[in-house]
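S.K.: So that you have it, the file is target13.csv, and it contains CSV, C-alpha atoms (C1' of nucleotides):
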chain,number,residue,atom,x,y,z
A,420,MET,CA,-5.5,23.7,-10.7
A,421,SER,CA,-2.5,21.3,-10.4
A,422,PRO,CA,-0.9,22.1,-7.1
A,423,LYS,CA,2.6,21.8,-8.2
A,424,ALA,CA,2.6,23.0,-11.7
A,425,GLN,CA,5.5,25.4,-11.2
A,426,ILE,CA,7.8,23.0,-9.5
A,427,PRO,CA,10.4,21.6,-11.9
A,428,GLY,CA,10.0,17.9,-12.1
A,429,ILE,CA,10.0,14.8,-14.1
A,430,ALA,CA,6.4,14.7,-15.0
A,431,PHE,CA,5.6,18.0,-16.4
A,432,ARG,CA,7.7,18.3,-19.4
A,433,LYS,CA,6.1,21.3,-21.0
A,434,HIS,CA,2.8,20.4,-22.4
A,435,ASP,CA,-0.6,22.1,-22.8
A,436,HIS,CA,-2.1,20.6,-19.8
A,437,ARG,CA,-5.6,21.8,-20.3
A,438,ARG,CA,-5.6,20.3,-23.7
A,439,CYS,CA,-4.0,17.0,-22.5
A,440,GLN,CA,-6.6,16.7,-19.8
A,441,ARG,CA,-9.5,17.3,-22.2
A,442,GLN,CA,-8.0,14.7,-24.6
A,443,LEU,CA,-7.6,12.0,-21.9
A,444,LEU,CA,-11.2,12.6,-20.7
A,445,SER,CA,-12.5,12.3,-24.2
A,446,GLU,CA,-10.5,9.1,-24.7
A,447,ALA,CA,-11.9,7.7,-21.5
A,448,THR,CA,-15.4,8.5,-22.6
A,449,GLN,CA,-15.0,6.9,-25.9
A,450,LEU,CA,-13.3,3.9,-24.4
A,451,CYS,CA,-16.2,3.3,-22.0
A,452,ALA,CA,-18.7,3.7,-24.8
A,453,GLU,CA,-16.8,1.0,-26.8
A,454,ARG,CA,-16.8,-1.3,-23.9
A,455,ASN,CA,-20.4,-0.6,-23.1
A,456,LEU,CA,-19.6,0.7,-19.7
A,457,ARG,CA,-21.1,3.6,-17.8
A,458,LEU,CA,-18.7,6.4,-17.1
A,459,THR,CA,-21.2,7.9,-14.6
A,460,SER,CA,-20.9,11.4,-13.3
A,461,ARG,CA,-19.3,10.2,-10.1
A,462,ARG,CA,-16.7,8.2,-12.0
A,463,ARG,CA,-16.1,11.1,-14.3
A,464,GLN,CA,-15.7,13.5,-11.4
A,465,VAL,CA,-13.0,11.3,-9.8
A,466,LEU,CA,-11.3,10.8,-13.1
A,467,GLU,CA,-11.3,14.6,-13.7
A,468,ILE,CA,-9.8,15.3,-10.3
A,469,LEU,CA,-7.0,12.9,-11.1
A,470,LEU,CA,-6.5,14.3,-14.6
A,471,ALA,CA,-6.4,17.8,-13.2
A,472,SER,CA,-3.1,17.2,-11.5
A,473,HIS,CA,-1.5,14.3,-13.4
A,474,GLN,CA,-0.1,13.5,-10.0
A,475,PRO,CA,-0.7,10.8,-7.4
A,476,MET,CA,-3.5,11.6,-4.9
A,477,GLY,CA,-4.6,9.6,-2.0
A,478,ALA,CA,-8.2,8.4,-1.9
A,479,TYR,CA,-8.9,10.8,0.9
A,480,ASP,CA,-7.4,13.7,-1.0
A,481,ILE,CA,-9.8,13.0,-3.8
A,482,LEU,CA,-12.6,12.7,-1.3
A,483,ALA,CA,-11.7,16.1,0.1
A,484,GLU,CA,-11.7,17.6,-3.3
A,485,LEU,CA,-15.1,16.2,-4.0
A,486,ASN,CA,-16.4,17.6,-0.8
A,487,ARG,CA,-14.7,20.9,-1.4
A,488,THR,CA,-16.2,21.5,-4.8
A,489,ASP,CA,-19.7,20.4,-3.7
A,490,PRO,CA,-20.1,21.4,-0.1
A,491,ASP,CA,-23.8,20.6,-0.1
A,492,GLU,CA,-23.4,16.9,-0.1
A,493,GLN,CA,-20.9,15.1,2.2
A,494,ILE,CA,-19.4,12.2,0.4
A,495,ALA,CA,-18.1,9.2,2.2
A,496,PRO,CA,-15.0,7.0,1.5
A,497,PRO,CA,-16.8,4.1,-0.2
A,498,ILE,CA,-18.0,6.3,-3.0
A,499,VAL,CA,-14.5,7.3,-3.9
A,500,TYR,CA,-13.1,3.8,-3.5
A,501,ARG,CA,-15.8,2.4,-5.8
A,502,ALA,CA,-15.1,4.9,-8.5
A,503,LEU,CA,-11.4,4.2,-8.2
A,504,GLU,CA,-12.0,0.5,-8.5
A,505,PHE,CA,-13.9,1.0,-11.7
A,506,LEU,CA,-11.3,3.3,-13.2
A,507,LEU,CA,-8.5,0.9,-12.2
A,508,GLY,CA,-10.3,-2.0,-13.7
A,509,GLU,CA,-10.6,-0.2,-17.0
A,510,GLY,CA,-7.0,1.0,-17.0
A,511,LEU,CA,-8.0,4.6,-16.8
A,512,ILE,CA,-5.9,5.2,-13.7
A,513,HIS,CA,-3.2,3.4,-11.9
A,514,ARG,CA,-2.5,2.7,-8.3
A,515,ILE,CA,1.0,3.6,-7.0
A,516,GLU,CA,1.4,0.9,-4.4
A,517,SER,CA,4.4,2.5,-2.6
A,518,LEU,CA,2.4,5.7,-2.1
A,519,ASN,CA,-1.0,4.3,-1.4
A,520,ALA,CA,-2.1,6.7,-4.1
A,521,PHE,CA,-3.8,6.9,-7.5
A,522,ILE,CA,-2.8,8.6,-10.7
A,523,SER,CA,-4.4,9.0,-14.1
A,524,CYS,CA,-3.1,6.8,-16.8
A,525,ALA,CA,-1.0,8.5,-19.5
A,526,GLN,CA,-2.1,6.0,-22.1
A,527,PRO,CA,-5.6,4.7,-21.4
A,528,GLY,CA,-6.5,1.8,-23.6
A,529,HIS,CA,-3.0,0.4,-23.8
A,530,ARG,CA,-3.7,-2.3,-21.3
A,531,CYS,CA,0.0,-2.7,-20.6
A,532,GLY,CA,1.6,-2.7,-17.2
A,533,ALA,CA,2.8,0.7,-16.2
A,534,GLN,CA,6.1,1.7,-14.8
A,535,PHE,CA,6.7,4.7,-12.6
A,536,LEU,CA,9.5,7.0,-11.6
A,537,ILE,CA,8.9,8.6,-8.2
A,538,CYS,CA,10.9,11.6,-7.2
A,539,ARG,CA,11.3,11.7,-3.4
A,540,ASP,CA,12.3,15.3,-3.6
A,541,CYS,CA,9.5,17.0,-5.6
A,542,ASP,CA,7.1,14.1,-5.1
A,543,GLN,CA,6.2,14.0,-8.8
A,544,VAL,CA,5.6,10.8,-10.5
A,545,ALA,CA,6.2,10.0,-14.1
A,546,GLU,CA,4.8,7.1,-16.0
A,547,PHE,CA,7.5,5.8,-18.2
A,548,GLU,CA,7.7,3.4,-21.0
A,549,ALA,CA,10.3,0.8,-20.1
A,550,SER,CA,10.3,-2.7,-21.3
A,551,ASP,CA,9.8,-5.0,-18.4
A,552,ASP,CA,9.7,-7.7,-21.0
A,553,GLY,CA,12.8,-9.2,-19.5
A,554,LEU,CA,11.2,-9.5,-16.1
A,555,LEU,CA,8.0,-10.9,-17.5
A,556,ALA,CA,9.9,-13.4,-19.6
A,557,GLU,CA,11.8,-14.6,-16.6
A,558,ALA,CA,8.5,-15.0,-14.6
A,559,GLY,CA,7.1,-16.9,-17.6
A,560,ASN,CA,10.2,-19.2,-17.6
A,561,LEU,CA,9.4,-20.1,-14.0
A,562,GLY,CA,5.9,-21.2,-15.2
A,563,PHE,CA,4.3,-18.2,-13.5
A,564,ALA,CA,1.2,-16.8,-15.2
A,565,VAL,CA,1.4,-13.0,-14.9
A,566,ASP,CA,-1.7,-11.0,-14.2
A,567,HIS,CA,-0.3,-7.7,-13.3
A,568,SER,CA,3.1,-6.2,-12.7
A,569,VAL,CA,4.1,-3.3,-10.4
A,570,VAL,CA,7.2,-1.4,-11.2
A,571,GLU,CA,7.9,1.6,-9.1
A,572,ILE,CA,11.3,3.2,-9.0
A,573,THR,CA,12.1,5.7,-6.3
A,574,GLY,CA,14.9,8.3,-6.5
A,575,VAL,CA,15.6,11.8,-7.5
A,576,CYS,CA,14.6,13.2,-10.8
A,577,ALA,CA,17.0,15.1,-13.1
A,578,GLU,CA,15.6,18.5,-12.3
A,579,CYS,CA,15.8,18.0,-8.5
A,580,GLN,CA,19.4,16.8,-8.8
A,581,LYS,CA,20.3,20.1,-10.4
A,582,HIS,CA,18.7,22.1,-7.6
A,583,VAL,CA,20.1,20.1,-4.8
A,584,GLY,CA,23.5,19.2,-6.0
B,100,MET,CA,-1.6,-14.6,7.0
B,101,SER,CA,-0.8,-17.8,8.7
B,102,PRO,CA,2.0,-19.9,7.3
B,103,LYS,CA,0.9,-22.3,4.6
B,104,ALA,CA,3.8,-24.7,4.6
B,105,GLN,CA,1.9,-27.6,3.2
B,106,ILE,CA,0.3,-25.8,0.3
B,107,PRO,CA,2.2,-26.4,-2.9
B,108,GLY,CA,3.6,-23.2,-4.2
B,109,ILE,CA,6.3,-21.2,-5.7
B,110,ALA,CA,8.3,-20.4,-2.7
B,111,PHE,CA,8.9,-23.6,-0.9
B,112,ARG,CA,10.9,-25.6,-3.4
B,113,LYS,CA,11.9,-28.4,-1.1
B,114,HIS,CA,14.5,-27.2,1.3
B,115,ASP,CA,15.6,-27.9,4.8
B,116,HIS,CA,13.7,-25.0,6.3
B,117,ARG,CA,15.0,-25.2,9.8
B,118,ARG,CA,18.5,-25.1,8.5
B,119,CYS,CA,17.8,-22.3,6.1
B,120,GLN,CA,16.3,-20.3,8.8
B,121,ARG,CA,19.3,-20.8,11.1
B,122,GLN,CA,21.6,-19.9,8.3
B,123,LEU,CA,19.9,-16.7,7.6
B,124,LEU,CA,19.7,-15.7,11.2
B,125,SER,CA,23.4,-16.3,11.6
B,126,GLU,CA,24.1,-14.3,8.5
B,127,ALA,CA,22.1,-11.4,9.9
B,128,THR,CA,24.0,-11.6,13.2
B,129,GLN,CA,27.3,-11.5,11.4
B,130,LEU,CA,26.2,-8.7,9.1
B,131,CYS,CA,25.1,-6.5,12.0
B,132,ALA,CA,28.4,-7.2,13.8
B,133,GLU,CA,30.3,-6.2,10.7
B,134,ARG,CA,28.3,-3.0,10.4
B,135,ASN,CA,28.6,-2.3,14.1
B,136,LEU,CA,24.8,-2.4,14.6
B,137,ARG,CA,22.8,-3.8,17.4
B,138,LEU,CA,20.6,-6.7,16.5
B,139,THR,CA,18.8,-6.4,19.8
B,140,SER,CA,16.5,-9.1,21.1
B,141,ARG,CA,13.4,-7.3,19.8
B,142,ARG,CA,14.8,-7.0,16.4
B,143,ARG,CA,15.9,-10.5,16.4
B,144,GLN,CA,12.5,-11.7,17.6
B,145,VAL,CA,10.8,-9.9,14.7
B,146,LEU,CA,13.3,-11.2,12.2
B,147,GLU,CA,12.9,-14.8,13.6
B,148,ILE,CA,9.1,-14.5,13.1
B,149,LEU,CA,9.6,-13.5,9.5
B,150,LEU,CA,12.2,-16.2,8.9
B,151,ALA,CA,9.9,-18.8,10.4
B,152,SER,CA,7.5,-18.6,7.5
B,153,HIS,CA,9.5,-17.1,4.6
B,154,GLN,CA,6.2,-15.6,3.7
B,155,PRO,CA,4.8,-12.1,3.9
B,156,MET,CA,3.3,-11.1,7.2
B,157,GLY,CA,1.5,-7.9,8.1
B,158,ALA,CA,2.9,-5.8,10.9
B,159,TYR,CA,-0.1,-6.7,13.0
B,160,ASP,CA,0.4,-10.4,12.3
B,161,ILE,CA,3.9,-10.1,13.7
B,162,LEU,CA,2.6,-8.1,16.6
B,163,ALA,CA,0.0,-10.9,17.3
B,164,GLU,CA,2.7,-13.5,17.1
B,165,LEU,CA,4.9,-11.5,19.6
B,166,ASN,CA,2.0,-11.2,22.0
B,167,ARG,CA,1.1,-14.9,21.6
B,168,THR,CA,4.5,-16.2,22.4
B,169,ASP,CA,4.9,-13.8,25.3
B,170,PRO,CA,1.5,-13.2,26.9
B,171,ASP,CA,3.0,-11.5,29.9
B,172,GLU,CA,3.8,-8.3,28.1
B,173,GLN,CA,1.5,-6.6,25.7
B,174,ILE,CA,3.4,-5.1,22.9
B,175,ALA,CA,2.1,-2.1,20.9
B,176,PRO,CA,2.5,-1.4,17.2
B,177,PRO,CA,5.3,1.1,17.3
B,178,ILE,CA,7.7,-1.5,18.7
B,179,VAL,CA,7.0,-3.8,15.7
B,180,TYR,CA,7.3,-1.0,13.2
B,181,ARG,CA,10.6,0.2,14.6
B,182,ALA,CA,12.1,-3.2,14.4
B,183,LEU,CA,10.8,-3.6,10.9
B,184,GLU,CA,12.3,-0.2,10.0
B,185,PHE,CA,15.7,-1.3,11.2
B,186,LEU,CA,15.5,-4.6,9.4
B,187,LEU,CA,14.4,-3.0,6.2
B,188,GLY,CA,17.2,-0.4,6.4
B,189,GLU,CA,19.8,-3.2,6.7
B,190,GLY,CA,18.3,-5.2,3.9
B,191,LEU,CA,17.4,-8.1,6.1
B,192,ILE,CA,13.8,-8.0,5.1
B,193,HIS,CA,11.7,-6.5,2.3
B,194,ARG,CA,8.4,-4.8,2.2
B,195,ILE,CA,5.9,-6.0,-0.3
B,196,GLU,CA,4.1,-2.8,-1.2
B,197,SER,CA,1.2,-4.4,-2.9
B,198,LEU,CA,0.4,-6.5,0.2
B,199,ASN,CA,1.3,-4.0,2.9
B,200,ALA,CA,3.4,-6.9,4.3
B,201,PHE,CA,6.9,-7.8,5.1
B,202,ILE,CA,9.0,-10.8,4.2
B,203,SER,CA,12.5,-12.0,5.1
B,204,CYS,CA,15.2,-11.4,2.5
B,205,ALA,CA,16.5,-14.5,0.8
B,206,GLN,CA,19.9,-13.0,0.3
B,207,PRO,CA,20.7,-10.6,3.1
B,208,GLY,CA,23.8,-8.6,2.4
B,209,HIS,CA,23.3,-8.4,-1.3
B,210,ARG,CA,22.0,-4.9,-1.3
B,211,CYS,CA,20.3,-5.3,-4.5
B,212,GLY,CA,16.7,-4.5,-5.4
B,213,ALA,CA,14.4,-7.5,-5.0
B,214,GLN,CA,11.8,-8.8,-7.3
B,215,PHE,CA,8.8,-10.7,-6.2
B,216,LEU,CA,6.3,-13.1,-7.7
B,217,ILE,CA,3.1,-13.1,-5.8
B,218,CYS,CA,0.6,-16.0,-6.3
B,219,ARG,CA,-2.9,-14.8,-5.8
B,220,ASP,CA,-4.1,-18.4,-5.4
B,221,CYS,CA,-1.9,-19.7,-2.7
B,222,ASP,CA,-0.7,-16.4,-1.4
B,223,GLN,CA,2.8,-17.4,-1.5
B,224,VAL,CA,5.6,-15.1,-2.5
B,225,ALA,CA,8.9,-15.9,-4.1
B,226,GLU,CA,11.8,-13.6,-4.3
B,227,PHE,CA,13.3,-14.1,-7.7
B,228,GLU,CA,16.5,-13.0,-9.4
B,229,ALA,CA,15.5,-11.1,-12.5
B,230,SER,CA,17.6,-8.5,-14.1
B,231,ASP,CA,15.8,-5.3,-13.8
B,232,ASP,CA,18.9,-3.8,-15.4
B,233,GLY,CA,16.9,-2.8,-18.4
B,234,LEU,CA,14.5,-0.8,-16.3
B,235,LEU,CA,17.1,0.8,-14.2
B,236,ALA,CA,19.2,1.7,-17.3
B,237,GLU,CA,16.2,3.4,-18.9
B,238,ALA,CA,15.6,5.3,-15.7
B,239,GLY,CA,19.2,6.3,-15.8
B,240,ASN,CA,18.9,7.5,-19.4
B,241,LEU,CA,16.2,9.9,-18.2
B,242,GLY,CA,18.6,11.3,-15.8
B,243,PHE,CA,16.8,9.8,-12.9
B,244,ALA,CA,19.0,8.8,-9.9
B,245,VAL,CA,17.6,5.5,-8.6
B,246,ASP,CA,17.3,4.9,-4.9
B,247,HIS,CA,15.2,1.9,-4.7
B,248,SER,CA,13.1,-0.2,-7.1
B,249,VAL,CA,9.9,-2.1,-6.4
B,250,VAL,CA,9.1,-5.0,-8.7
B,251,GLU,CA,6.1,-7.1,-7.7
B,252,ILE,CA,4.5,-9.4,-10.2
B,253,THR,CA,1.1,-10.9,-9.4
B,254,GLY,CA,-0.3,-13.9,-11.0
B,255,VAL,CA,-0.7,-17.6,-10.6
B,256,CYS,CA,2.3,-19.8,-9.8
B,257,ALA,CA,3.1,-23.0,-11.7
B,258,GLU,CA,1.7,-25.3,-8.9
B,259,CYS,CA,-1.6,-23.5,-8.6
B,260,GLN,CA,-2.1,-23.6,-12.4
B,261,LYS,CA,-1.9,-27.4,-12.2
B,262,HIS,CA,-4.4,-27.6,-9.4
B,263,VAL,CA,-6.9,-25.2,-10.9
B,264,GLY,CA,-6.7,-25.9,-14.6
C,642,DC,C1',-46.2,0.7,-20.3
C,643,DG,C1',-44.7,-1.5,-15.9
C,644,DA,C1',-42.5,-5.0,-13.2
C,645,DC,C1',-38.3,-7.0,-12.8
C,646,DA,C1',-33.2,-7.6,-12.6
C,647,DT,C1',-29.1,-5.4,-12.2
C,648,DA,C1',-25.7,-1.9,-11.5
C,649,DG,C1',-24.6,2.0,-9.2
C,650,DT,C1',-24.9,5.2,-5.3
C,651,DG,C1',-25.5,6.7,-0.4
C,652,DT,C1',-24.8,5.9,4.6
C,653,DT,C1',-23.2,4.0,8.8
C,654,DA,C1',-20.0,1.7,11.1
C,655,DT,C1',-15.8,-0.5,11.6
C,656,DA,C1',-11.4,-2.8,10.1
C,657,DT,C1',-6.7,-2.4,9.0
C,658,DT,C1',-2.3,-0.2,8.6
C,659,DA,C1',0.8,3.3,10.4
C,660,DT,C1',2.8,7.2,13.1
C,661,DA,C1',3.3,11.2,16.5
C,662,DA,C1',4.7,12.4,20.9
C,663,DC,C1',6.7,11.8,25.0
C,664,DG,C1',8.8,9.4,28.8
C,665,DT,C1',12.0,5.5,30.4
C,666,DA,C1',15.8,2.3,30.1
C,667,DA,C1',20.1,0.5,28.2
C,668,DC,C1',24.5,1.2,26.2
C,669,DG,C1',28.9,3.2,25.2
C,670,DA,C1',32.3,6.8,25.6
C,671,DT,C1',34.9,9.8,28.2
D,225,DA,C1',29.6,8.5,37.3
D,226,DT,C1',27.6,11.2,34.2
D,227,DC,C1',26.4,12.3,29.8
D,228,DG,C1',24.9,11.8,25.1
D,229,DT,C1',22.8,8.6,22.2
D,230,DT,C1',20.1,4.8,20.8
D,231,DA,C1',16.5,1.7,21.6
D,232,DC,C1',12.3,0.6,24.0
D,233,DG,C1',7.6,1.2,26.1
D,234,DT,C1',3.1,3.5,26.2
D,235,DT,C1',-0.8,6.3,24.9
D,236,DA,C1',-3.3,8.2,21.7
D,237,DT,C1',-4.5,9.1,17.1
D,238,DA,C1',-3.9,9.5,12.0
D,239,DA,C1',-4.4,7.5,7.5
D,240,DT,C1',-6.1,4.1,4.5
D,241,DA,C1',-9.7,0.8,3.3
D,242,DT,C1',-13.9,-2.2,3.5
D,243,DA,C1',-18.3,-4.6,5.2
D,244,DA,C1',-23.0,-4.4,5.2
D,245,DC,C1',-27.2,-2.8,4.0
D,246,DA,C1',-30.7,0.4,2.1
D,247,DC,C1',-32.0,3.2,-1.7
D,248,DT,C1',-32.0,4.8,-6.7
D,249,DA,C1',-31.3,4.7,-11.5
D,250,DT,C1',-31.0,2.2,-15.8
D,251,DG,C1',-31.9,-1.2,-19.1
D,252,DT,C1',-35.0,-5.1,-20.6
D,253,DC,C1',-38.5,-8.0,-21.7
D,254,DG,C1',-43.3,-9.5,-21.4
Show this structure as structure tokens.
M.R.:
Amino acid sequence: MSPKAQIPGIAFRKHDHRRCQRQLLSEATQLCAERNLRLTSRRRQVLEILLASHQPMGAYDILAELNRTDPDEQIAPPIVYRALEFLLGEGLIHRIESLNAFISCAQPGHRCGAQFLICRDCDQVAEFEASDDGLLAEAGNLGFAVDHSVVEITGVCAECQKHVG
Amino acid sequence: MSPKAQIPGIAFRKHDHRRCQRQLLSEATQLCAERNLRLTSRRRQVLEILLASHQPMGAYDILAELNRTDPDEQIAPPIVYRALEFLLGEGLIHRIESLNAFISCAQPGHRCGAQFLICRDCDQVAEFEASDDGLLAEAGNLGFAVDHSVVEITGVCAECQKHVG
DNA sequence: CGACATAGTGTTATATTATAACGTAACGAT
DNA sequence: ATCGTTACGTTATAATATAACACTATGTCG
């Protein structure tokens, strides 16, 4: 189902994708239960679409996917944006600002800021664990109260460097 | 996004703004000369508008400003976007991804990645010097060839914390 | 139960941000 | 002076996002 599963890239280090997807969905379900929140079917639908690719999708891509799988009803943008808003708020997905796109979170529940590597060759995006502690500390030293940090690094992933160079 | 020069904030630590503005414009002129590039009057106009506030402005705000100061001609979006593209390319301005906005660079010529603190209270944005070396190093360790990094930290600046709390 | 409050969804219209495509003008080299 | 290139101008439209309001489902408390 993921459009680019065969393309070598930074994000899909071999893993059992179906399993991973199921796992994340179940974590999301549990997390919402714990927080006493409603993972409604719309919200779940949107999350599933994002989980299916692990890759960033625009809101309108998601919309198209919804309308494709369910051609009876014609969904409009606000429905998607509202689901995204919920999922973002609960840390189940992230927004990639420099792509105007959304991606499922690799570690839902860890309410930490996320960092992303964005390959401009294969368009894949990897969430990576980097300590932005230094940055946040410096912000703190300036008396700045941090809400949210966006770290998005664009470049060429290891795989793509091989294939081009 | 009108300028908010009187609002206390993170960006305008007291400085002779007129002087600073003149200085940066002159640096830009010199830098283009060195690089054998044309800082045309359109490009200069756009840069001046951004320098005038030191604050992020949307492309359409800049457009409005152009059309306000020169009501004879009615400028269209592509003109602004092309000027912005040029200025971005030369590191004379930055794009704030999470605001879809543009801001003049505090240190043109230093072709380093920029980091921003964005106050969600007073809407001011400060470019700050933080070492994102750690992040970039980690990206490098993963074999990722970095082109460009976006670091945007949202929160509440020191001034606004005083006024609210 | 049933009336209410609230949260979520659906729908229409529209705002905001950005670019494609194509023609004209300015500049710079030979 | 002409030619190739770069920048500008113009029109139209694409892509992204939200406002506003009506309707439906869900939980809750008498």
S.K.: Which RMSD value, in Å, follows from superposing chain A onto chain B on all C-alpha atoms in order by least squares?
M.R.: 1.1 Å
S.K.: Identify, on the basis of all atoms listed in the file, every residue whose closest approach to range 226-233 of chain D does not exceed 8 Å; exclude the query and any residue fewer than 2 positions from it along the same chain; express the result as a PDB file with C-alpha atoms (C1' of nucleotides), in the frame of the given file.
M.R.:
ATOM      1  CA  ILE B 178       7.700  -1.500  18.700  1.00  0.00           C
TER       2      ILE B 178
ATOM      3  C1'  DT C 665      12.000   5.500  30.400  1.00  0.00           C
ATOM      4  C1'  DA C 666      15.800   2.300  30.100  1.00  0.00           C
ATOM      5  C1'  DA C 667      20.100   0.500  28.200  1.00  0.00           C
ATOM      6  C1'  DC C 668      24.500   1.200  26.200  1.00  0.00           C
TER       7       DC C 668
END
S.K.: Quick one: everything within 12 Å of DT234 in chain D, counting only C-alpha atoms (C1' of nucleotides), minus sequence neighbours fewer than 2 positions away in the same chain. Send it as a list in words.
M.R.: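 The contact residues come out as Glu172, Gln173, Ile174, Ala175, Pro176, Pro177 and Ile178 of chain B; DA662, DC663, DG664 and DT665 of chain C; DC232 and DA236 of chain D.
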S.K.: Counting only C-alpha atoms, a student should be able to say which residues of chain A come within 8 Å of chain B; what is the right answer, written as a PyMOL selection string?
M.R.: chain A and resi 516-517+536+549-551+553-554+557-558+561-577
S.K.: Excluding same-chain residues fewer than 2 positions from DA646 in chain C, what lies within 12 Å of it counting all atoms listed in the file, as a list of chain:residue names?
M.R.: C:DA644, C:DA648, D:DT250, D:DG251, D:DT252, D:DC253
S.K.: With C-alpha atoms (C1' of nucleotides) retained, could you export that selection as a PDB file, in the frame of the given file?
M.R.:
ATOM      1  C1'  DA C 644     -42.500  -5.000 -13.200  1.00  0.00           C
ATOM      2  C1'  DA C 648     -25.700  -1.900 -11.500  1.00  0.00           C
TER       3       DA C 648
ATOM      4  C1'  DT D 250     -31.000   2.200 -15.800  1.00  0.00           C
ATOM      5  C1'  DG D 251     -31.900  -1.200 -19.100  1.00  0.00           C
ATOM      6  C1'  DT D 252     -35.000  -5.100 -20.600  1.00  0.00           C
ATOM      7  C1'  DC D 253     -38.500  -8.000 -21.700  1.00  0.00           C
TER       8       DC D 253
END
S.K.: With distances taken over all atoms listed in the file, which of A:His582, A:Arg462, A:His434, A:Arg487 is nearest to Leu511 in chain A?
M.R.: A:Arg462
S.K.: May I ask for the distance between CA of Cys204 in chain B and CA of Cys531 in chain A, given in Å to one decimal place?
M.R.: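 CA of Cys204 in chain B sits 29.0 Å away from CA of Cys531 in chain A.
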